[in-house]
$ cat data13.tsv   # TSV, N, CA and C atoms
chain	number	residue	atom	x	y	z
A	1	LEU	N	0.81	-1.20	0.00
A	1	LEU	CA	0.00	0.00	0.00
A	1	LEU	C	0.85	1.26	0.00
A	2	PHE	N	2.01	1.20	0.65
A	2	PHE	CA	2.91	2.35	0.67
A	2	PHE	C	4.31	1.88	1.00
A	3	VAL	N	5.28	2.73	0.70
A	3	VAL	CA	6.67	2.52	1.09
A	3	VAL	C	6.99	3.65	2.06
A	4	ALA	N	7.70	3.32	3.11
A	4	ALA	CA	8.07	4.35	4.09
A	4	ALA	C	9.59	4.40	4.22
A	5	PHE	N	10.12	5.59	4.13
A	5	PHE	CA	11.54	5.82	4.34
A	5	PHE	C	11.68	6.54	5.67
A	6	TRP	N	12.60	6.11	6.50
A	6	TRP	CA	12.72	6.75	7.80
A	6	TRP	C	14.17	7.03	8.13
A	7	ARG	N	14.34	8.02	9.00
A	7	ARG	CA	15.66	8.41	9.49
A	7	ARG	C	15.52	8.71	10.96
A	8	TRP	N	16.39	8.16	11.75
A	8	TRP	CA	16.37	8.39	13.18
A	8	TRP	C	17.18	9.64	13.47
A	9	ARG	N	16.55	10.64	14.11
A	9	ARG	CA	17.23	11.90	14.42
A	9	ARG	C	18.07	11.77	15.68
A	10	GLY	N	17.66	10.91	16.59
A	10	GLY	CA	18.43	10.72	17.81
A	10	GLY	C	18.05	11.66	18.94
A	11	ASP	N	17.08	12.53	18.75
A	11	ASP	CA	16.63	13.38	19.84
A	11	ASP	C	15.29	12.85	20.35
A	12	ALA	N	14.76	13.50	21.34
A	12	ALA	CA	13.51	13.03	21.94
A	12	ALA	C	12.29	13.78	21.42
A	13	GLY	N	12.45	14.46	20.30
A	13	GLY	CA	11.33	15.22	19.73
A	13	GLY	C	10.27	14.31	19.13
A	14	GLU	N	9.13	14.91	18.86
A	14	GLU	CA	8.03	14.16	18.26
A	14	GLU	C	8.44	13.60	16.90
A	15	ALA	N	7.79	12.53	16.50
A	15	ALA	CA	8.00	11.98	15.17
A	15	ALA	C	7.49	12.99	14.14
A	16	ARG	N	8.20	13.12	13.03
A	16	ARG	CA	7.80	14.03	11.97
A	16	ARG	C	7.46	13.21	10.73
A	17	PHE	N	6.46	13.66	9.99
A	17	PHE	CA	5.96	12.89	8.87
A	17	PHE	C	5.96	13.73	7.60
A	18	GLY	N	6.22	13.06	6.47
A	18	GLY	CA	6.13	13.68	5.16
A	18	GLY	C	5.37	12.74	4.25
A	19	PHE	N	4.67	13.28	3.28
A	19	PHE	CA	3.87	12.48	2.37
A	19	PHE	C	4.16	12.91	0.94
A	20	THR	N	4.54	11.96	0.10
A	20	THR	CA	4.76	12.24	-1.30
A	20	THR	C	3.68	11.52	-2.10
A	21	CYS	N	3.42	12.00	-3.28
A	21	CYS	CA	2.43	11.35	-4.13
A	21	CYS	C	2.79	11.68	-5.58
A	22	PRO	N	3.49	10.78	-6.28
A	22	PRO	CA	3.94	11.09	-7.64
A	22	PRO	C	2.79	11.20	-8.63
A	23	ARG	N	3.01	11.93	-9.69
A	23	ARG	CA	1.99	12.14	-10.71
A	23	ARG	C	1.54	10.85	-11.38
A	24	ALA	N	2.37	9.84	-11.34
A	24	ALA	CA	2.04	8.56	-11.98
A	24	ALA	C	0.81	7.91	-11.34
A	25	LEU	N	0.44	8.35	-10.13
A	25	LEU	CA	-0.71	7.75	-9.45
A	25	LEU	C	-2.04	8.27	-10.00
A	26	GLY	N	-2.01	9.35	-10.73
A	26	GLY	CA	-3.26	9.86	-11.30
A	26	GLY	C	-3.31	11.37	-11.24
A	27	LYS	N	-4.49	11.89	-11.53
A	27	LYS	CA	-4.69	13.34	-11.51
A	27	LYS	C	-4.70	13.84	-10.07
A	28	ALA	N	-4.69	15.15	-9.91
A	28	ALA	CA	-4.58	15.78	-8.60
A	28	ALA	C	-5.66	15.31	-7.63
A	29	VAL	N	-6.88	15.12	-8.11
A	29	VAL	CA	-7.97	14.68	-7.23
A	29	VAL	C	-7.66	13.32	-6.64
A	30	VAL	N	-7.16	12.41	-7.46
A	30	VAL	CA	-6.82	11.06	-7.01
A	30	VAL	C	-5.65	11.10	-6.04
A	31	ARG	N	-4.60	11.86	-6.39
A	31	ARG	CA	-3.42	11.96	-5.52
A	31	ARG	C	-3.78	12.56	-4.17
A	32	ASN	N	-4.62	13.59	-4.17
A	32	ASN	CA	-5.02	14.21	-2.91
A	32	ASN	C	-5.83	13.26	-2.05
A	33	ARG	N	-6.70	12.46	-2.67
A	33	ARG	CA	-7.50	11.48	-1.90
A	33	ARG	C	-6.59	10.43	-1.27
A	34	ILE	N	-5.63	9.94	-2.04
A	34	ILE	CA	-4.67	8.96	-1.50
A	34	ILE	C	-3.92	9.56	-0.32
A	35	ARG	N	-3.44	10.78	-0.50
A	35	ARG	CA	-2.67	11.45	0.55
A	35	ARG	C	-3.52	11.70	1.79
A	36	ARG	N	-4.78	12.10	1.61
A	36	ARG	CA	-5.67	12.35	2.75
A	36	ARG	C	-5.93	11.08	3.55
A	37	ARG	N	-6.16	9.97	2.85
A	37	ARG	CA	-6.43	8.70	3.54
A	37	ARG	C	-5.23	8.29	4.40
A	38	LEU	N	-4.03	8.37	3.82
A	38	LEU	CA	-2.83	7.97	4.56
A	38	LEU	C	-2.55	8.94	5.70
A	39	ARG	N	-2.70	10.21	5.44
A	39	ARG	CA	-2.44	11.22	6.48
A	39	ARG	C	-3.38	11.06	7.67
A	40	GLU	N	-4.66	10.74	7.41
A	40	GLU	CA	-5.62	10.54	8.50
A	40	GLU	C	-5.26	9.31	9.33
A	41	CYS	N	-4.84	8.26	8.68
A	41	CYS	CA	-4.46	7.05	9.41
A	41	CYS	C	-3.25	7.32	10.31
A	42	VAL	N	-2.28	8.06	9.78
A	42	VAL	CA	-1.10	8.41	10.58
A	42	VAL	C	-1.50	9.33	11.73
A	43	ARG	N	-2.39	10.28	11.46
A	43	ARG	CA	-2.82	11.22	12.51
A	43	ARG	C	-3.48	10.48	13.67
A	44	LEU	N	-4.32	9.52	13.36
A	44	LEU	CA	-5.01	8.78	14.42
A	44	LEU	C	-4.06	7.93	15.25
A	45	GLY	N	-2.97	7.46	14.65
A	45	GLY	CA	-2.02	6.62	15.38
A	45	GLY	C	-0.72	7.32	15.72
A	46	ARG	N	-0.72	8.65	15.67
A	46	ARG	CA	0.51	9.42	15.86
A	46	ARG	C	1.23	9.11	17.17
A	47	ASP	N	0.50	8.88	18.25
A	47	ASP	CA	1.13	8.64	19.55
A	47	ASP	C	1.83	7.28	19.62
A	48	ARG	N	1.57	6.39	18.68
A	48	ARG	CA	2.22	5.06	18.68
A	48	ARG	C	3.60	5.09	18.06
A	49	PHE	N	3.88	6.09	17.21
A	49	PHE	CA	5.18	6.15	16.54
A	49	PHE	C	6.27	6.53	17.54
A	50	PRO	N	7.47	5.94	17.39
A	50	PRO	CA	8.57	6.28	18.30
A	50	PRO	C	9.00	7.74	18.13
A	51	ARG	N	9.51	8.30	19.19
A	51	ARG	CA	9.96	9.69	19.17
A	51	ARG	C	11.32	9.79	18.48
A	52	GLY	N	11.59	10.93	17.89
A	52	GLY	CA	12.89	11.17	17.27
A	52	GLY	C	13.07	10.54	15.91
A	53	VAL	N	11.97	10.31	15.19
A	53	VAL	CA	12.05	9.67	13.89
A	53	VAL	C	11.40	10.57	12.83
A	54	ASP	N	12.06	10.67	11.67
A	54	ASP	CA	11.47	11.34	10.51
A	54	ASP	C	11.03	10.25	9.55
A	55	ILE	N	9.77	10.30	9.10
A	55	ILE	CA	9.23	9.27	8.23
A	55	ILE	C	8.61	9.94	7.00
A	56	VAL	N	8.95	9.43	5.82
A	56	VAL	CA	8.33	9.90	4.58
A	56	VAL	C	7.56	8.72	3.98
A	57	PHE	N	6.29	8.93	3.72
A	57	PHE	CA	5.42	7.91	3.14
A	57	PHE	C	5.30	8.14	1.64
A	58	ASN	N	5.48	7.07	0.88
A	58	ASN	CA	5.32	7.11	-0.56
A	58	ASN	C	4.23	6.10	-0.91
A	59	PRO	N	2.99	6.55	-1.07
A	59	PRO	CA	1.88	5.62	-1.28
A	59	PRO	C	1.88	5.01	-2.68
A	60	ARG	N	1.23	3.86	-2.77
A	60	ARG	CA	0.99	3.18	-4.04
A	60	ARG	C	-0.46	3.39	-4.43
A	61	LYS	N	-0.78	3.17	-5.68
A	61	LYS	CA	-2.14	3.38	-6.17
A	61	LYS	C	-3.14	2.46	-5.46
A	62	SER	N	-2.68	1.29	-4.99
A	62	SER	CA	-3.58	0.35	-4.32
A	62	SER	C	-4.15	0.93	-3.02
A	63	LEU	N	-3.54	1.95	-2.47
A	63	LEU	CA	-4.04	2.56	-1.24
A	63	LEU	C	-5.41	3.22	-1.46
A	64	LEU	N	-5.67	3.66	-2.68
A	64	LEU	CA	-6.93	4.32	-2.98
A	64	LEU	C	-8.13	3.39	-2.76
A	65	ASP	N	-7.99	2.14	-3.15
A	65	ASP	CA	-9.10	1.19	-3.05
A	65	ASP	C	-9.00	0.26	-1.85
A	66	ALA	N	-7.95	0.40	-1.06
A	66	ALA	CA	-7.75	-0.50	0.08
A	66	ALA	C	-8.76	-0.19	1.18
A	67	PRO	N	-9.26	-1.23	1.87
A	67	PRO	CA	-10.14	-0.98	3.01
A	67	PRO	C	-9.37	-0.28	4.13
A	68	TRP	N	-10.10	0.49	4.92
A	68	TRP	CA	-9.48	1.27	5.99
A	68	TRP	C	-8.69	0.39	6.96
A	69	GLY	N	-9.24	-0.78	7.28
A	69	GLY	CA	-8.57	-1.69	8.21
A	69	GLY	C	-7.22	-2.14	7.71
A	70	GLU	N	-7.09	-2.31	6.41
A	70	GLU	CA	-5.80	-2.73	5.83
A	70	GLU	C	-4.77	-1.61	5.94
A	71	ILE	N	-5.18	-0.38	5.75
A	71	ILE	CA	-4.26	0.76	5.90
A	71	ILE	C	-3.79	0.84	7.35
A	72	GLU	N	-4.71	0.69	8.28
A	72	GLU	CA	-4.34	0.71	9.70
A	72	GLU	C	-3.40	-0.44	10.04
A	73	ARG	N	-3.65	-1.61	9.48
A	73	ARG	CA	-2.81	-2.77	9.76
A	73	ARG	C	-1.38	-2.54	9.24
A	74	GLN	N	-1.27	-1.97	8.05
A	74	GLN	CA	0.05	-1.71	7.47
A	74	GLN	C	0.82	-0.65	8.27
A	75	THR	N	0.14	0.40	8.71
A	75	THR	CA	0.83	1.41	9.52
A	75	THR	C	1.20	0.83	10.88
A	76	GLY	N	0.38	-0.06	11.42
A	76	GLY	CA	0.72	-0.73	12.67
A	76	GLY	C	1.96	-1.58	12.54
A	77	LYS	N	2.09	-2.29	11.41
A	77	LYS	CA	3.29	-3.08	11.17
A	77	LYS	C	4.52	-2.18	11.08
A	78	LEU	N	4.35	-1.01	10.45
A	78	LEU	CA	5.45	-0.06	10.35
A	78	LEU	C	5.86	0.42	11.73
A	79	VAL	N	4.89	0.73	12.59
A	79	VAL	CA	5.18	1.20	13.94
A	79	VAL	C	5.99	0.14	14.70
A	80	GLU	N	5.57	-1.12	14.62
A	80	GLU	CA	6.29	-2.18	15.33
A	80	GLU	C	7.71	-2.32	14.81
A	81	ARG	N	7.88	-2.23	13.50
A	81	ARG	CA	9.22	-2.35	12.94
A	81	ARG	C	10.10	-1.17	13.35
A	82	LEU	N	9.53	0.03	13.35
A	82	LEU	CA	10.30	1.21	13.76
A	82	LEU	C	10.71	1.13	15.22
A	83	LYS	N	9.80	0.66	16.06
A	83	LYS	CA	10.13	0.52	17.48
A	83	LYS	C	11.28	-0.46	17.67
A	84	ALA	N	11.23	-1.58	16.96
A	84	ALA	CA	12.30	-2.57	17.06
A	84	ALA	C	13.62	-1.99	16.56
A	85	GLU	N	13.58	-1.26	15.45
A	85	GLU	CA	14.80	-0.67	14.88
A	85	GLU	C	15.38	0.42	15.78
A	86	THR	N	14.53	1.29	16.32
A	86	THR	CA	15.06	2.39	17.14
A	86	THR	C	15.56	1.89	18.49
A	87	GLU	N	14.99	0.79	19.01
A	87	GLU	CA	15.49	0.24	20.27
A	87	GLU	C	16.85	-0.38	20.09
A	88	SER	N	17.14	-0.94	18.90
A	88	SER	CA	18.42	-1.59	18.67
A	88	SER	C	19.50	-0.62	18.22
A	89	THR	N	19.11	0.60	17.83
A	89	THR	CA	20.07	1.59	17.36
A	89	THR	C	20.65	2.34	18.55
A	90	PRO	N	21.98	2.36	18.68
A	90	PRO	CA	22.57	3.09	19.80
A	90	PRO	C	22.40	4.59	19.62
A	91	CYS	N	22.29	5.30	20.71
A	91	CYS	CA	22.12	6.75	20.70
A	91	CYS	C	23.49	7.40	20.55
A	92	VAL	N	23.79	7.89	19.37
A	92	VAL	CA	25.06	8.53	19.09
A	92	VAL	C	24.79	9.96	18.70
A	93	PRO	N	25.30	10.94	19.48
A	93	PRO	CA	25.06	12.33	19.12
A	93	PRO	C	25.74	12.68	17.80
A	94	SER	N	25.08	13.53	16.99
A	94	SER	CA	25.68	13.91	15.70
A	94	SER	C	26.56	15.12	15.85
$ encode --input "data13.tsv" --output "structure tokens"
Amino acid sequence: LFVAFWRWRGDAGEARFGFTCPRALGKAVVRNRIRRRLRECVRLGRDRFPRGVDIVFNPRKSLLDAPWGEIERQTGKLVERLKAETESTPCVPS
């Protein structure tokens, strides 16, 4: 449904999110609908994301027709993976 690129900042600030939507996904109306659906799912689960992470979401066209539960399930899997990755990453100041 989407690809997520992330970077650990190493500070204790809130997670930051970015959303891209390439023109290949369709006209502006379609791209905006895809972006709104993903943004709302992230907004509802914002407190579950680990702190100090920058995440950029790159949605696929399948997100437009995906049921809401599937979008939530995919973002939940991302949250679990990010938590596992950030716990194993040592805190090194830049």
$ select_by_dssp --input "data13.tsv" --residues "chain A" --states "strand (DSSP E)" --output "short mmCIF file (atom, residue, chain, number, x, y, z; two decimals) with N, CA and C atoms, in the coordinates of the input"
data_model
loop_
_atom_site.label_atom_id
_atom_site.label_comp_id
_atom_site.auth_asym_id
_atom_site.auth_seq_id
_atom_site.Cartn_x
_atom_site.Cartn_y
_atom_site.Cartn_z
N PHE A 2 2.01 1.20 0.65
CA PHE A 2 2.91 2.35 0.67
C PHE A 2 4.31 1.88 1.00
N VAL A 3 5.28 2.73 0.70
CA VAL A 3 6.67 2.52 1.09
C VAL A 3 6.99 3.65 2.06
N ALA A 4 7.70 3.32 3.11
CA ALA A 4 8.07 4.35 4.09
C ALA A 4 9.59 4.40 4.22
N PHE A 5 10.12 5.59 4.13
CA PHE A 5 11.54 5.82 4.34
C PHE A 5 11.68 6.54 5.67
N TRP A 6 12.60 6.11 6.50
CA TRP A 6 12.72 6.75 7.80
C TRP A 6 14.17 7.03 8.13
N ARG A 7 14.34 8.02 9.00
CA ARG A 7 15.66 8.41 9.49
C ARG A 7 15.52 8.71 10.96
N TRP A 8 16.39 8.16 11.75
CA TRP A 8 16.37 8.39 13.18
C TRP A 8 17.18 9.64 13.47
N ARG A 16 8.20 13.12 13.03
CA ARG A 16 7.80 14.03 11.97
C ARG A 16 7.46 13.21 10.73
N PHE A 17 6.46 13.66 9.99
CA PHE A 17 5.96 12.89 8.87
C PHE A 17 5.96 13.73 7.60
N GLY A 18 6.22 13.06 6.47
CA GLY A 18 6.13 13.68 5.16
C GLY A 18 5.37 12.74 4.25
N PHE A 19 4.67 13.28 3.28
CA PHE A 19 3.87 12.48 2.37
C PHE A 19 4.16 12.91 0.94
N VAL A 53 11.97 10.31 15.19
CA VAL A 53 12.05 9.67 13.89
C VAL A 53 11.40 10.57 12.83
N ASP A 54 12.06 10.67 11.67
CA ASP A 54 11.47 11.34 10.51
C ASP A 54 11.03 10.25 9.55
N ILE A 55 9.77 10.30 9.10
CA ILE A 55 9.23 9.27 8.23
C ILE A 55 8.61 9.94 7.00
N VAL A 56 8.95 9.43 5.82
CA VAL A 56 8.33 9.90 4.58
C VAL A 56 7.56 8.72 3.98
N PHE A 57 6.29 8.93 3.72
CA PHE A 57 5.42 7.91 3.14
C PHE A 57 5.30 8.14 1.64
N ASN A 58 5.48 7.07 0.88
CA ASN A 58 5.32 7.11 -0.56
C ASN A 58 4.23 6.10 -0.91
N PRO A 59 2.99 6.55 -1.07
CA PRO A 59 1.88 5.62 -1.28
C PRO A 59 1.88 5.01 -2.68
#
$ closest_residue --input "data13.tsv" --among "A:Leu63, A:Ile71, A:Val79, A:Ala4" --to "Arg35 (chain A)" --atoms "all atoms listed in the file"
A:Leu63
$ select_by_dssp --input "data13.tsv" --residues "chain A" --states "alpha helix (DSSP H)" --output "MDAnalysis selection string"
chainID A and resid 28:44 62:65 68:88
$ atom_distance --input "data13.tsv" --atom1 "atom C of Pro67 (chain A)" --atom2 "atom N of Thr86 (chain A)"
26.9 Å
$ residues_around --input "data13.tsv" --residues "region 47-54 of chain A" --least-positions-apart "5" --cutoff "5 Å" --atoms "only N, CA and C atoms" --output "NGL selection string"
:A and (6-16)
$ residues_around --input "data13.tsv" --residues "Leu25 (chain A)" --least-positions-apart "3" --cutoff "6 Å" --atoms "all atoms listed in the file" --output "list in words"
Pro22, Arg31 and Lys61 of chain A
$ decode --input "data13.tsv" --residues "region 43-61 of chain A" --atoms "N, CA and C atoms" --output "short mmCIF file (atom, residue, chain, number, x, y, z; two decimals), in the first residue's frame"
data_model
loop_
_atom_site.label_atom_id
_atom_site.label_comp_id
_atom_site.auth_asym_id
_atom_site.auth_seq_id
_atom_site.Cartn_x
_atom_site.Cartn_y
_atom_site.Cartn_z
N ARG A 43 -2.39 10.28 11.46
CA ARG A 43 -2.82 11.22 12.51
C ARG A 43 -3.48 10.48 13.67
N LEU A 44 -4.32 9.52 13.36
CA LEU A 44 -5.01 8.78 14.42
C LEU A 44 -4.06 7.93 15.25
N GLY A 45 -2.97 7.46 14.65
CA GLY A 45 -2.02 6.62 15.38
C GLY A 45 -0.72 7.32 15.72
N ARG A 46 -0.72 8.65 15.67
CA ARG A 46 0.51 9.42 15.86
C ARG A 46 1.23 9.11 17.17
N ASP A 47 0.50 8.88 18.25
CA ASP A 47 1.13 8.64 19.55
C ASP A 47 1.83 7.28 19.62
N ARG A 48 1.57 6.39 18.68
CA ARG A 48 2.22 5.06 18.68
C ARG A 48 3.60 5.09 18.06
N PHE A 49 3.88 6.09 17.21
CA PHE A 49 5.18 6.15 16.54
C PHE A 49 6.27 6.53 17.54
N PRO A 50 7.47 5.94 17.39
CA PRO A 50 8.57 6.28 18.30
C PRO A 50 9.00 7.74 18.13
N ARG A 51 9.51 8.30 19.19
CA ARG A 51 9.96 9.69 19.17
C ARG A 51 11.32 9.79 18.48
N GLY A 52 11.59 10.93 17.89
CA GLY A 52 12.89 11.17 17.27
C GLY A 52 13.07 10.54 15.91
N VAL A 53 11.97 10.31 15.19
CA VAL A 53 12.05 9.67 13.89
C VAL A 53 11.40 10.57 12.83
N ASP A 54 12.06 10.67 11.67
CA ASP A 54 11.47 11.34 10.51
C ASP A 54 11.03 10.25 9.55
N ILE A 55 9.77 10.30 9.10
CA ILE A 55 9.23 9.27 8.23
C ILE A 55 8.61 9.94 7.00
N VAL A 56 8.95 9.43 5.82
CA VAL A 56 8.33 9.90 4.58
C VAL A 56 7.56 8.72 3.98
N PHE A 57 6.29 8.93 3.72
CA PHE A 57 5.42 7.91 3.14
C PHE A 57 5.30 8.14 1.64
N ASN A 58 5.48 7.07 0.88
CA ASN A 58 5.32 7.11 -0.56
C ASN A 58 4.23 6.10 -0.91
N PRO A 59 2.99 6.55 -1.07
CA PRO A 59 1.88 5.62 -1.28
C PRO A 59 1.88 5.01 -2.68
N ARG A 60 1.23 3.86 -2.77
CA ARG A 60 0.99 3.18 -4.04
C ARG A 60 -0.46 3.39 -4.43
N LYS A 61 -0.78 3.17 -5.68
CA LYS A 61 -2.14 3.38 -6.17
C LYS A 61 -3.14 2.46 -5.46
#
